[in-house]
Number of protein chains: 4
Amino acid sequence: MLTNRPKSTVQPGDIALLVSAQKKRYLVQINPEKQLQTHRGVINHADLIGLPWGSKVFSHLGSPYLVLQPSLADMLIDIKRITQIMYPKDIGFILVTMGIGPGMQVLEAGSGSGSLTTALAFAVGPTGRVFSYENRPEMQKLAQKNLVKAGLADQVEFKLRDIQEGFDEENIDALFLDVPNPYDYIVQARRSLKPGGFFGSILPTMNQISLLLIALQREGFSFVEVCEIMLRYYKTVPERLRPTDRMVAHTGYLIFARPVQDPELIEQGPASEEADEGSSGSSLDETFTSIE
Amino acid sequence: MLTNRPKSTVQPGDIALLVSAQKKRYLVQINPEKQLQTHRGVINHADLIGLPWGSKVFSHLGSPYLVLQPSLADMLIDIKRITQIMYPKDIGFILVTMGIGPGMQVLEAGSGSGSLTTALAFAVGPTGRVFSYENRPEMQKLAQKNLVKAGLADQVEFKLRDIQEGFDEENIDALFLDVPNPYDYIVQARRSLKPGGFFGSILPTMNQISLLLIALQREGFSFVEVCEIMLRYYKTVPERLRPTDRMVAHTGYLIFARPVQDPELIEQGPASEEADEGSSGSSLDETFTSIE
Amino acid sequence: MLTNRPKSTVQPGDIALLVSAQKKRYLVQINPEKQLQTHRGVINHADLIGLPWGSKVFSHLGSPYLVLQPSLADMLIDIKRITQIMYPKDIGFILVTMGIGPGMQVLEAGSGSGSLTTALAFAVGPTGRVFSYENRPEMQKLAQKNLVKAGLADQVEFKLRDIQEGFDEENIDALFLDVPNPYDYIVQARRSLKPGGFFGSILPTMNQISLLLIALQREGFSFVEVCEIMLRYYKTVPERLRPTDRMVAHTGYLIFARPVQDPELIEQGPASEEADEGSSGSSLDETFTSIE
Amino acid sequence: MLTNRPKSTVQPGDIALLVSAQKKRYLVQINPEKQLQTHRGVINHADLIGLPWGSKVFSHLGSPYLVLQPSLADMLIDIKRITQIMYPKDIGFILVTMGIGPGMQVLEAGSGSGSLTTALAFAVGPTGRVFSYENRPEMQKLAQKNLVKAGLADQVEFKLRDIQEGFDEENIDALFLDVPNPYDYIVQARRSLKPGGFFGSILPTMNQISLLLIALQREGFSFVEVCEIMLRYYKTVPERLRPTDRMVAHTGYLIFARPVQDPELIEQGPASEEADEGSSGSSLDETFTSIE
């Protein structure tokens, strides 16, 4: 299981990532009685056990593979999906911004293919809990299967539900809506969230962002922020440093907010040239905080 | 402590964030015998205890404040610093890319003001461990103080050391060098990292990236990636949606790599138009993975 | 005049840019009987005449200045303004995309402070013509003054008019609406534009873009494109190459379209993964064109 | 010819762009005796003459096409090439920044496929002149052919030459080096440029930028700027406004400089937080200029 720190060698039950010279990737849970069928031959799991992570192994046809411990990003990339999944660039920022870490209780809807579910379960760890709502049975099944494969199913409680009916949980630390119409469920979200808790959503279009902003203002949310994250890779040739030729231009706009007692107290949006850059950006240079 | 899930009301020992109507921020650890001195009056901690998070409170001069549970991003923004600190946009991506979560053992150098240390300690939780090296005593003291204030000091082992001498730990899951010359310590880093473990660094200039790429190739690292993350905020007026006027243009280039048995096996850099966008970007759309 | 190629030395009537060591900038038209009053002393125009461009000169107080021929970008930066002006990054792309060059007849509304007017007048040259509409008299006066100072007034015909009433000109090559509600004047724009001509606009918010897209579709425009241009500067230290710390995050969204006989013929928007990147982006790599 | 303003109808000698419903593009010079062979049938030029621009026409097989006047961007996109060509986003900014307009005398090396040559010839118009150096005969031939097709050859003087030997022209207004090693020709460039003139280059890698910065400093250039332009397209669906999925991540870094009498006078690089954003960016908000 990912959240039990793996040893330096491959062990039964570990999640392993095998990568071919052609960068073909296979994610497997090590089971001494199983085999991995690749396009270039068979690898017995039993032959991997006891090898140091990072080792080179060969299929029965002689094709080489590296055997690696997957990062959370690797897990996310290799998840089985039938829906648009969330990208590591967005997930990392969501976790940090919404304070999601070990021991937290978080709620998401919908489960989708389980990519955000995987990240949330990984981040809250064995002492936390993820409540994941979905109303399409086949989608829930896929998400569950993906979580089992990632060894993270124990942290997650899946619920098959139209979230129009609301959520069972109260006092949730952080709640994320990954649905096309989050603005229809803000009353339900507020009821389930701890006072001052963290609300988040991701939406592909500006029109949806407008509707969500209106709903958040109506339901007494404050500290509203909208942003987008652009990730650009570089070619790794030291004497010819330059970005890659193409990049992902857009995944979605991120939106965050917190329910508070008096949402009017804090002036929303940019109060000044500095604040104009968003709270995180500006405060890093501007704030002098008293820690006593 | 952040990693023990706080209740829905303010309790002694909790870390709380007080925010004024003017967006002035105060980070305090609740102690019934202490007072917070603000520019607009005094607030007794005792008066906060038992209030729901998100409540509005008043100073003795009648100035209103919201009392909030800080997210990791809030903690990072409000950290006391005498060095450049790392931004949430970069930290979130680092955590996800380097597989840093509950129970992991991670190493960083240098401690700096302790911003990355805080994030690492938060992410690995009580069952994990952070080893943080620094060779400037006054810097180490500041980092330690910041970690104590964040309630995360128990997860961190600080070491005062010139890392030229190497690290004490072996078999580390993830190792991050936040120093100006990481290329001088790659041998040491490789020795300390678990085989197949995660190496990361952040550097402001392209010239440093060139030198680090050369060192990583020399020492047998593979899966080398260089990228940068741009974060753009939007004004939150639903009927006038647009980005803010200005933004942070650059914090640093991120670089990741993994030591493996045969670093030549996997072709480095873009193998194709798709791979050209970096492994995370491309694979999301291209990979069909076997999970068995 | 800018459009008569200046000699290699400063001549009466030339537009000159003087820059101090502190980067304070003065734009003047050389007149042998005039003086430039700076914060650091007086410079007689007469003393500049005959000097090679790029020369160093001194004020009567001994402060040094460089005397330079202004580029169009310099003219735009230094224009007197009471409104938001357009940025070189956007203007350059507008000129190239809308085919604006020597001899063209172009129309714009409103004149504003005259920054786009200046660029258009510069680009069409003495053989072209710019028709510039504005309904605020004081704004028109400012634009006129700026064009006279730039030596470009001869190319421009200013009109004081509520453009709701339409434009006098027909068969215009390119028409640019720099007003907050361009969607209210698309019928008028279409009437004035040559068939197949170039329409353009710049708008700060996504909500305005939505309204303009609807109006353009209704009035039979095709080849509709929406884009934004981000410009990032780098510090110019060769051994420490890196972007500047901050940048302009947003000026406006650009939108282009062309009136054609059968706007339904060409499928609007991205037809494929490649087209998805916009016509200019995609076609550069994809198109094989017959030139016979 | 592009620079003689076309009438509102197609005329012999005009450059026309035909676009199919599938967005296949054909660039032709109208000749009453010629035919355009498309994949979907033949179109007689003679049938186009006298039609309004923007008209729909049919091939002999009944396939529809729109007949359009090409913009400069259209010309650039559709140029025949055997080298990397320059993008409209970069070309527009180059023209504006380097003051290139009607009547100017500009020099470029190398000619390449003639894309920048086309833009320069278009911008300087019949009263200007472009000197285009190239040392590969077959490349020069291609560039010449492209310029003839664009109707812009009269403005251009092509020279077959290793530019190590220097340029014939003196007192050039603007000089652009589009070669891999511009740092080897800065002495030659300076000799050919008018004092205070405009130097520019585009380079794909940061390593080349470093070398060019060193050479420019050594040879007495000032006002040095390095920047990059990112262009992002949006899908044009008014009720679902969002960027396209992918974009061009990098074409090249642009670098500009001017030779002056005292290059040390003006402090290079950012002098302040504002200057930090580059001269164009910052000055737009900061400068109050005297025009007298």
# chains A, B, ... in the order shown; residues from 1 in each chain; ligands from 1
>>> residues_around(residues="Thr9 in chain C", least_positions_apart="3", cutoff="7 Å", atoms="only C-alpha atoms", output="PyMOL selection string")
chain C and resi 50-53
>>> residues_around(residues="range 21-25 of chain A", least_positions_apart="5", cutoff="7 Å", atoms="only C-alpha atoms", output="list of chain:residue names")
A:Pro64, A:Tyr65, B:Leu265, B:Ile266, B:Glu267, B:Thr289
>>> residues_around(residues="Met86 in chain D", least_positions_apart="2", cutoff="9 Å", atoms="only C-alpha atoms", output="ChimeraX atom specification")
/D:76,84,88-91,115-116,202,251-252
>>> write_last_selection(atoms="C-alpha atoms", output="mmCIF file, in the first residue's frame")
data_model
loop_
_atom_site.group_PDB
_atom_site.id
_atom_site.type_symbol
_atom_site.label_atom_id
_atom_site.label_comp_id
_atom_site.auth_asym_id
_atom_site.auth_seq_id
_atom_site.Cartn_x
_atom_site.Cartn_y
_atom_site.Cartn_z
ATOM 1 C CA LEU D 76 2.959 33.697 -43.603
ATOM 2 C CA GLN D 84 11.316 26.618 -39.432
ATOM 3 C CA PRO D 88 2.756 35.962 -36.704
ATOM 4 C CA LYS D 89 2.801 36.443 -32.906
ATOM 5 C CA ASP D 90 6.547 37.044 -33.032
ATOM 6 C CA ILE D 91 6.606 38.941 -36.320
ATOM 7 C CA SER D 115 8.650 34.333 -44.129
ATOM 8 C CA LEU D 116 10.197 37.234 -42.244
ATOM 9 C CA ILE D 202 15.105 35.223 -32.376
ATOM 10 C CA THR D 251 8.791 29.291 -30.855
ATOM 11 C CA GLY D 252 11.784 31.332 -29.754
#
>>> residues_around(residues="Pro102 in chain C", least_positions_apart="3", cutoff="12 Å", atoms="only C-alpha atoms", output="number ranges by chain")
C: 3, 95, 99, 105-106, 119-130, 155, 173; D: 1-6, 72, 100-104, 119-128
>>> write_last_selection(atoms="N, CA and C atoms", output="short mmCIF file (atom, residue, chain, number, x, y, z; two decimals), in the first residue's frame")
data_model
loop_
_atom_site.label_atom_id
_atom_site.label_comp_id
_atom_site.auth_asym_id
_atom_site.auth_seq_id
_atom_site.Cartn_x
_atom_site.Cartn_y
_atom_site.Cartn_z
N THR C 3 7.21 58.35 -40.98
CA THR C 3 7.07 57.54 -42.19
C THR C 3 7.97 58.02 -43.32
N LEU C 95 -2.05 44.07 -36.33
CA LEU C 95 -1.62 44.53 -37.65
C LEU C 95 -1.38 43.35 -38.59
N GLY C 99 -3.96 42.19 -41.72
CA GLY C 99 -3.40 42.58 -43.01
C GLY C 99 -3.22 44.07 -43.19
N GLN C 105 -6.87 51.13 -46.29
CA GLN C 105 -7.84 52.05 -45.70
C GLN C 105 -8.50 51.35 -44.53
N VAL C 106 -8.27 51.87 -43.35
CA VAL C 106 -8.77 51.19 -42.14
C VAL C 106 -9.62 52.15 -41.32
N ALA C 119 -0.66 53.64 -34.26
CA ALA C 119 -0.12 52.43 -34.89
C ALA C 119 -0.70 52.22 -36.28
N LEU C 120 -1.99 52.43 -36.43
CA LEU C 120 -2.62 52.26 -37.73
C LEU C 120 -2.06 53.26 -38.74
N ALA C 121 -1.94 54.52 -38.32
CA ALA C 121 -1.44 55.56 -39.21
C ALA C 121 0.00 55.27 -39.62
N PHE C 122 0.78 54.79 -38.66
CA PHE C 122 2.16 54.43 -38.96
C PHE C 122 2.21 53.30 -39.99
N ALA C 123 1.35 52.29 -39.80
CA ALA C 123 1.41 51.09 -40.64
C ALA C 123 0.89 51.33 -42.05
N VAL C 124 -0.16 52.12 -42.19
CA VAL C 124 -0.71 52.32 -43.55
C VAL C 124 0.11 53.32 -44.34
N GLY C 125 0.84 54.18 -43.63
CA GLY C 125 1.75 55.10 -44.31
C GLY C 125 1.04 56.18 -45.09
N PRO C 126 1.82 57.00 -45.81
CA PRO C 126 1.26 58.17 -46.50
C PRO C 126 0.27 57.80 -47.59
N THR C 127 0.36 56.57 -48.11
CA THR C 127 -0.54 56.17 -49.18
C THR C 127 -1.82 55.53 -48.67
N GLY C 128 -1.89 55.33 -47.36
CA GLY C 128 -3.09 54.74 -46.78
C GLY C 128 -3.94 55.79 -46.08
N ARG C 129 -4.95 55.32 -45.35
CA ARG C 129 -5.86 56.26 -44.69
C ARG C 129 -6.51 55.58 -43.50
N VAL C 130 -6.58 56.34 -42.39
CA VAL C 130 -7.24 55.85 -41.18
C VAL C 130 -8.44 56.73 -40.89
N GLN C 155 -2.34 61.19 -42.12
CA GLN C 155 -2.94 59.94 -42.57
C GLN C 155 -4.32 59.68 -41.97
N ASP C 173 -10.90 48.17 -45.75
CA ASP C 173 -10.10 46.94 -45.71
C ASP C 173 -10.15 46.26 -44.36
N MET D 1 -1.00 43.19 -56.23
CA MET D 1 0.04 43.26 -55.20
C MET D 1 -0.58 43.69 -53.88
N LEU D 2 -0.12 43.10 -52.85
CA LEU D 2 -0.70 43.36 -51.53
C LEU D 2 -0.65 44.84 -51.17
N THR D 3 0.45 45.49 -51.54
CA THR D 3 0.64 46.84 -51.04
C THR D 3 -0.09 47.89 -51.89
N ASN D 4 -0.59 47.46 -53.06
CA ASN D 4 -1.58 48.32 -53.72
C ASN D 4 -2.93 47.87 -53.21
N ARG D 5 -3.62 48.74 -52.60
CA ARG D 5 -4.88 48.33 -51.98
C ARG D 5 -5.79 47.66 -53.00
N PRO D 6 -6.19 46.40 -52.77
CA PRO D 6 -7.05 45.72 -53.72
C PRO D 6 -8.44 46.35 -53.71
N LEU D 72 -1.50 39.44 -44.03
CA LEU D 72 -0.09 39.09 -43.90
C LEU D 72 0.03 37.76 -43.16
N ILE D 100 9.52 49.16 -37.65
CA ILE D 100 9.55 48.86 -39.08
C ILE D 100 8.22 49.21 -39.71
N GLY D 101 8.25 50.18 -40.62
CA GLY D 101 7.04 50.63 -41.29
C GLY D 101 7.36 51.18 -42.67
N PRO D 102 6.37 51.80 -43.30
CA PRO D 102 6.54 52.30 -44.66
C PRO D 102 7.79 53.17 -44.82
N GLY D 103 8.57 52.89 -45.84
CA GLY D 103 9.71 53.73 -46.17
C GLY D 103 11.02 53.35 -45.51
N MET D 104 10.99 52.39 -44.59
CA MET D 104 12.21 52.03 -43.87
C MET D 104 13.11 51.15 -44.73
N ALA D 119 7.16 39.50 -44.46
CA ALA D 119 6.59 40.46 -43.51
C ALA D 119 7.29 41.81 -43.59
N LEU D 120 8.60 41.78 -43.71
CA LEU D 120 9.36 43.03 -43.79
C LEU D 120 9.00 43.78 -45.06
N ALA D 121 8.95 43.05 -46.18
CA ALA D 121 8.64 43.69 -47.47
C ALA D 121 7.23 44.28 -47.44
N PHE D 122 6.31 43.54 -46.83
CA PHE D 122 4.95 44.05 -46.70
C PHE D 122 4.93 45.34 -45.88
N ALA D 123 5.66 45.34 -44.77
CA ALA D 123 5.59 46.47 -43.84
C ALA D 123 6.28 47.72 -44.37
N VAL D 124 7.41 47.57 -45.05
CA VAL D 124 8.12 48.77 -45.52
C VAL D 124 7.47 49.34 -46.77
N GLY D 125 6.75 48.49 -47.50
CA GLY D 125 5.99 48.98 -48.64
C GLY D 125 6.85 49.40 -49.81
N PRO D 126 6.22 49.93 -50.86
CA PRO D 126 6.95 50.25 -52.10
C PRO D 126 8.01 51.32 -51.92
N THR D 127 7.89 52.13 -50.87
CA THR D 127 8.87 53.20 -50.66
C THR D 127 10.02 52.76 -49.77
N GLY D 128 9.94 51.54 -49.24
CA GLY D 128 11.02 51.03 -48.40
C GLY D 128 11.86 50.02 -49.14
#
>>> atom_distance(atom1="CA of Pro204 in chain C", atom2="CA of Ile186 in chain C")
18.2 Å
>>> closest_atom_pairs(of="chain D", to="chain B", cutoff="9 Å", atoms="only C-alpha atoms", output="CSV")
residue,atom,partner,partner_atom,distance
D:Met206,CA,B:Met206,CA,7.0
D:Asn207,CA,B:Asn207,CA,7.9
D:Ser210,CA,B:Asn207,CA,9.0
D:Ala249,CA,B:Glu277,CA,8.8
D:Glu277,CA,B:Ala249,CA,8.7
>>> select_by_dssp(residues="range 11-259 of chain B", states="alpha helix (DSSP H)", output="ChimeraX atom specification")
/B:45-48,72-77,88-97,115-124,137-149,186-192,206-218
>>> closest_residue(among="A:Asp184, A:Asp162, A:Glu219, A:Glu157", to="Glu134 in chain A", atoms="only C-alpha atoms")
A:Asp162
>>> closest_residue(among="C:Phe58, C:Ala143, C:Tyr253, C:Leu213", to="Glu228 in chain C", atoms="only C-alpha atoms")
C:Tyr253
>>> atom_distance(atom1="CA of Lys149 in chain C", atom2="CA of Lys34 in chain C")
14.3 Å
>>> residues_around(residues="Gly110 in chain C", least_positions_apart="4", cutoff="12 Å", atoms="only C-alpha atoms", output="MDAnalysis selection string")
chainID C and resid 83 85 114:117 131:137 139:140 143 158:164 167 175:182 185 201:202
>>> write_last_selection(atoms="N, CA, C and O atoms", output="CSV table (one decimal), in the first residue's frame")
chain,number,residue,atom,x,y,z
C,83,THR,N,-7.0,57.3,-21.1
C,83,THR,CA,-7.8,56.0,-21.1
C,83,THR,C,-6.7,54.9,-21.1
C,83,THR,O,-5.6,55.1,-21.4
C,85,ILE,N,-4.6,52.3,-22.7
C,85,ILE,CA,-4.1,52.2,-24.1
C,85,ILE,C,-3.8,50.8,-24.5
C,85,ILE,O,-3.8,49.9,-23.6
C,114,GLY,N,-5.7,57.6,-28.8
C,114,GLY,CA,-5.0,57.6,-30.1
C,114,GLY,C,-3.8,56.7,-30.2
C,114,GLY,O,-3.0,56.8,-31.1
C,115,SER,N,-3.7,55.7,-29.3
C,115,SER,CA,-2.6,54.8,-29.4
C,115,SER,C,-2.8,53.8,-30.6
C,115,SER,O,-1.9,53.7,-31.4
C,116,LEU,N,-3.9,53.2,-30.7
C,116,LEU,CA,-4.1,52.4,-31.9
C,116,LEU,C,-4.1,53.2,-33.1
C,116,LEU,O,-3.6,52.8,-34.2
C,117,THR,N,-4.7,54.4,-33.0
C,117,THR,CA,-4.7,55.3,-34.2
C,117,THR,C,-3.3,55.5,-34.7
C,117,THR,O,-3.0,55.5,-35.9
C,131,PHE,N,-9.6,56.1,-40.7
C,131,PHE,CA,-10.8,56.8,-40.3
C,131,PHE,C,-11.1,56.5,-38.8
C,131,PHE,O,-11.3,55.3,-38.5
C,132,SER,N,-11.0,57.5,-38.0
C,132,SER,CA,-11.1,57.3,-36.5
C,132,SER,C,-12.3,58.0,-35.9
C,132,SER,O,-12.4,59.2,-35.9
C,133,TYR,N,-13.2,57.2,-35.4
C,133,TYR,CA,-14.5,57.7,-34.9
C,133,TYR,C,-14.4,57.8,-33.3
C,133,TYR,O,-13.9,56.9,-32.7
C,134,GLU,N,-15.0,58.8,-32.8
C,134,GLU,CA,-15.0,59.0,-31.4
C,134,GLU,C,-16.2,59.9,-31.1
C,134,GLU,O,-16.5,60.8,-31.8
C,135,ASN,N,-16.9,59.7,-30.0
C,135,ASN,CA,-18.1,60.6,-29.6
C,135,ASN,C,-17.8,61.5,-28.4
C,135,ASN,O,-18.7,62.3,-28.1
C,136,ARG,N,-16.6,61.4,-27.8
C,136,ARG,CA,-16.3,62.3,-26.7
C,136,ARG,C,-15.4,63.4,-27.3
C,136,ARG,O,-14.2,63.1,-27.6
C,137,PRO,N,-15.8,64.6,-27.4
C,137,PRO,CA,-14.9,65.7,-28.0
C,137,PRO,C,-13.6,65.8,-27.3
C,137,PRO,O,-12.6,65.9,-28.0
C,139,MET,N,-11.8,63.6,-25.8
C,139,MET,CA,-11.0,62.4,-26.2
C,139,MET,C,-10.5,62.6,-27.6
C,139,MET,O,-9.3,62.3,-27.9
C,140,GLN,N,-11.3,63.0,-28.5
C,140,GLN,CA,-10.9,63.2,-29.9
C,140,GLN,C,-9.8,64.2,-29.9
C,140,GLN,O,-8.8,64.1,-30.6
C,143,ALA,N,-6.5,62.6,-28.9
C,143,ALA,CA,-6.0,61.7,-29.9
C,143,ALA,C,-5.4,62.5,-31.1
C,143,ALA,O,-4.3,62.2,-31.6
C,158,PHE,N,-10.3,62.2,-38.5
C,158,PHE,CA,-11.1,62.0,-37.3
C,158,PHE,C,-12.5,62.4,-37.4
C,158,PHE,O,-12.8,63.4,-38.1
C,159,LYS,N,-13.4,61.7,-36.8
C,159,LYS,CA,-14.8,62.0,-36.9
C,159,LYS,C,-15.5,61.9,-35.6
C,159,LYS,O,-15.3,60.9,-34.8
C,160,LEU,N,-16.2,63.0,-35.2
C,160,LEU,CA,-16.9,63.0,-34.0
C,160,LEU,C,-18.3,62.5,-34.2
C,160,LEU,O,-19.1,63.1,-34.8
C,161,ARG,N,-18.6,61.3,-33.6
C,161,ARG,CA,-19.9,60.7,-34.0
C,161,ARG,C,-20.2,59.6,-33.0
C,161,ARG,O,-19.4,58.8,-32.5
C,162,ASP,N,-21.5,59.4,-32.8
C,162,ASP,CA,-22.0,58.2,-32.1
C,162,ASP,C,-22.1,57.1,-33.2
C,162,ASP,O,-22.9,57.3,-34.1
C,163,ILE,N,-21.3,56.1,-33.1
C,163,ILE,CA,-21.2,55.1,-34.2
C,163,ILE,C,-22.5,54.3,-34.3
C,163,ILE,O,-22.6,53.5,-35.3
C,164,GLN,N,-23.4,54.5,-33.4
C,164,GLN,CA,-24.8,53.9,-33.6
C,164,GLN,C,-25.3,54.3,-34.9
C,164,GLN,O,-26.1,53.5,-35.6
C,167,PHE,N,-21.1,54.3,-40.1
C,167,PHE,CA,-19.9,54.9,-40.6
C,167,PHE,C,-20.1,55.5,-42.0
C,167,PHE,O,-20.9,54.9,-42.8
C,175,LEU,N,-11.4,46.9,-40.0
C,175,LEU,CA,-12.2,47.8,-39.1
C,175,LEU,C,-12.0,47.2,-37.7
C,175,LEU,O,-12.3,46.0,-37.5
C,176,PHE,N,-11.6,48.1,-36.8
C,176,PHE,CA,-11.4,47.7,-35.4
C,176,PHE,C,-12.2,48.5,-34.5
C,176,PHE,O,-12.3,49.7,-34.5
C,177,LEU,N,-13.0,47.7,-33.6
C,177,LEU,CA,-13.8,48.4,-32.6
C,177,LEU,C,-13.2,48.3,-31.2
C,177,LEU,O,-13.0,47.2,-30.7
C,178,ASP,N,-12.7,49.4,-30.7
C,178,ASP,CA,-12.1,49.4,-29.4
C,178,ASP,C,-13.1,50.2,-28.5
C,178,ASP,O,-12.8,51.3,-28.0
C,179,VAL,N,-14.3,49.6,-28.3
C,179,VAL,CA,-15.3,50.2,-27.5
C,179,VAL,C,-15.8,49.1,-26.6
C,179,VAL,O,-15.6,47.9,-26.8
C,180,PRO,N,-16.5,49.5,-25.4
C,180,PRO,CA,-16.8,48.4,-24.5
C,180,PRO,C,-18.0,47.5,-25.0
C,180,PRO,O,-18.1,46.4,-24.5
C,181,ASN,N,-18.7,48.0,-26.0
C,181,ASN,CA,-19.9,47.2,-26.4
C,181,ASN,C,-19.9,47.0,-28.0
C,181,ASN,O,-20.8,47.4,-28.7
C,182,PRO,N,-18.8,46.4,-28.5
C,182,PRO,CA,-18.7,46.3,-30.0
C,182,PRO,C,-19.9,45.5,-30.5
C,182,PRO,O,-20.3,45.7,-31.7
C,185,TYR,N,-22.6,47.2,-32.6
C,185,TYR,CA,-22.3,47.9,-33.8
C,185,TYR,C,-21.9,47.0,-34.9
C,185,TYR,O,-21.2,47.4,-35.9
C,201,SER,N,-11.4,43.3,-32.7
C,201,SER,CA,-11.8,44.0,-31.4
C,201,SER,C,-10.9,43.5,-30.3
C,201,SER,O,-10.3,42.4,-30.4
C,202,ILE,N,-10.9,44.2,-29.2
C,202,ILE,CA,-10.2,43.8,-28.0
C,202,ILE,C,-11.1,44.1,-26.8
C,202,ILE,O,-11.7,45.2,-26.7
>>> atom_distance(atom1="CA of Val57 in chain A", atom2="CA of Arg258 in chain B")
16.8 Å
>>> select_by_dssp(residues="range 121-283 of chain D", states="strand (DSSP E or B)", output="tab-separated table (two decimals) with C-alpha atoms, in the first residue's frame")
chain	number	residue	atom	x	y	z
D	129	ARG	CA	13.66	48.40	-49.06
D	130	VAL	CA	14.61	45.02	-47.61
D	131	PHE	CA	18.13	43.61	-47.95
D	132	SER	CA	18.04	39.87	-47.39
D	133	TYR	CA	21.26	37.87	-47.00
D	134	GLU	CA	21.56	34.11	-47.35
D	156	VAL	CA	13.57	43.08	-51.69
D	157	GLU	CA	17.22	42.86	-52.70
D	158	PHE	CA	18.49	39.31	-52.16
D	159	LYS	CA	22.18	38.71	-51.60
D	160	LEU	CA	24.00	35.38	-51.64
D	172	ILE	CA	20.27	50.64	-41.98
D	173	ASP	CA	17.19	51.46	-39.86
D	174	ALA	CA	16.67	47.96	-38.50
D	175	LEU	CA	18.63	44.73	-38.77
D	176	PHE	CA	17.38	41.27	-37.86
D	177	LEU	CA	19.57	38.19	-37.55
D	193	LEU	CA	23.17	49.75	-38.51
D	194	LYS	CA	22.43	53.44	-38.29
D	195	PRO	CA	23.57	54.87	-34.94
D	196	GLY	CA	20.70	54.27	-32.53
D	197	GLY	CA	19.12	51.81	-34.97
D	198	PHE	CA	17.23	48.66	-34.07
D	199	PHE	CA	18.82	45.25	-33.74
D	200	GLY	CA	16.74	42.09	-33.28
D	201	SER	CA	17.09	38.34	-33.26
D	202	ILE	CA	15.11	35.22	-32.38
D	203	LEU	CA	16.69	32.15	-30.84
D	221	PHE	CA	24.62	47.89	-27.53
D	222	SER	CA	22.15	49.28	-25.02
D	223	PHE	CA	18.39	48.98	-24.40
D	224	VAL	CA	18.79	45.23	-24.46
D	225	GLU	CA	15.57	43.29	-23.95
D	226	VAL	CA	14.82	39.58	-23.94
D	227	CYS	CA	11.26	38.33	-24.00
D	228	GLU	CA	8.95	35.62	-25.21
D	229	ILE	CA	5.42	35.75	-26.50
D	230	MET	CA	2.81	33.12	-25.74
D	231	LEU	CA	-0.35	32.97	-27.81
D	232	ARG	CA	-3.37	31.07	-26.59
D	233	TYR	CA	-6.50	30.53	-28.66
D	234	TYR	CA	-10.01	30.10	-27.29
D	235	LYS	CA	-12.85	27.98	-28.57
D	242	ARG	CA	-12.59	28.29	-22.73
D	243	PRO	CA	-9.09	28.03	-24.17
D	246	ARG	CA	-3.33	22.53	-26.58
D	247	MET	CA	-1.12	25.37	-27.69
D	248	VAL	CA	2.30	26.14	-29.06
D	253	TYR	CA	13.11	33.95	-27.39
D	254	LEU	CA	13.15	37.44	-28.89
D	255	ILE	CA	16.04	39.77	-28.21
D	256	PHE	CA	16.30	43.45	-29.08
D	257	ALA	CA	19.06	46.05	-28.65
D	258	ARG	CA	20.23	49.41	-29.95
D	259	PRO	CA	23.77	50.66	-30.60
>>> decode(residues="range 90-95 of chain A", atoms="N, CA and C atoms", output="short mmCIF file (atom, residue, chain, number, x, y, z; two decimals), in the first residue's frame")
data_model
loop_
_atom_site.label_atom_id
_atom_site.label_comp_id
_atom_site.auth_asym_id
_atom_site.auth_seq_id
_atom_site.Cartn_x
_atom_site.Cartn_y
_atom_site.Cartn_z
N ASP A 90 -3.03 20.53 -11.23
CA ASP A 90 -4.20 21.06 -10.54
C ASP A 90 -4.38 20.40 -9.18
N ILE A 91 -4.17 19.08 -9.13
CA ILE A 91 -4.38 18.34 -7.88
C ILE A 91 -3.44 18.83 -6.79
N GLY A 92 -2.17 19.03 -7.13
CA GLY A 92 -1.22 19.49 -6.12
C GLY A 92 -1.64 20.82 -5.52
N PHE A 93 -2.08 21.73 -6.36
CA PHE A 93 -2.48 23.05 -5.87
C PHE A 93 -3.76 22.95 -5.03
N ILE A 94 -4.66 22.06 -5.43
CA ILE A 94 -5.90 21.86 -4.67
C ILE A 94 -5.58 21.36 -3.26
N LEU A 95 -4.70 20.36 -3.17
CA LEU A 95 -4.36 19.80 -1.85
C LEU A 95 -3.78 20.87 -0.94
#
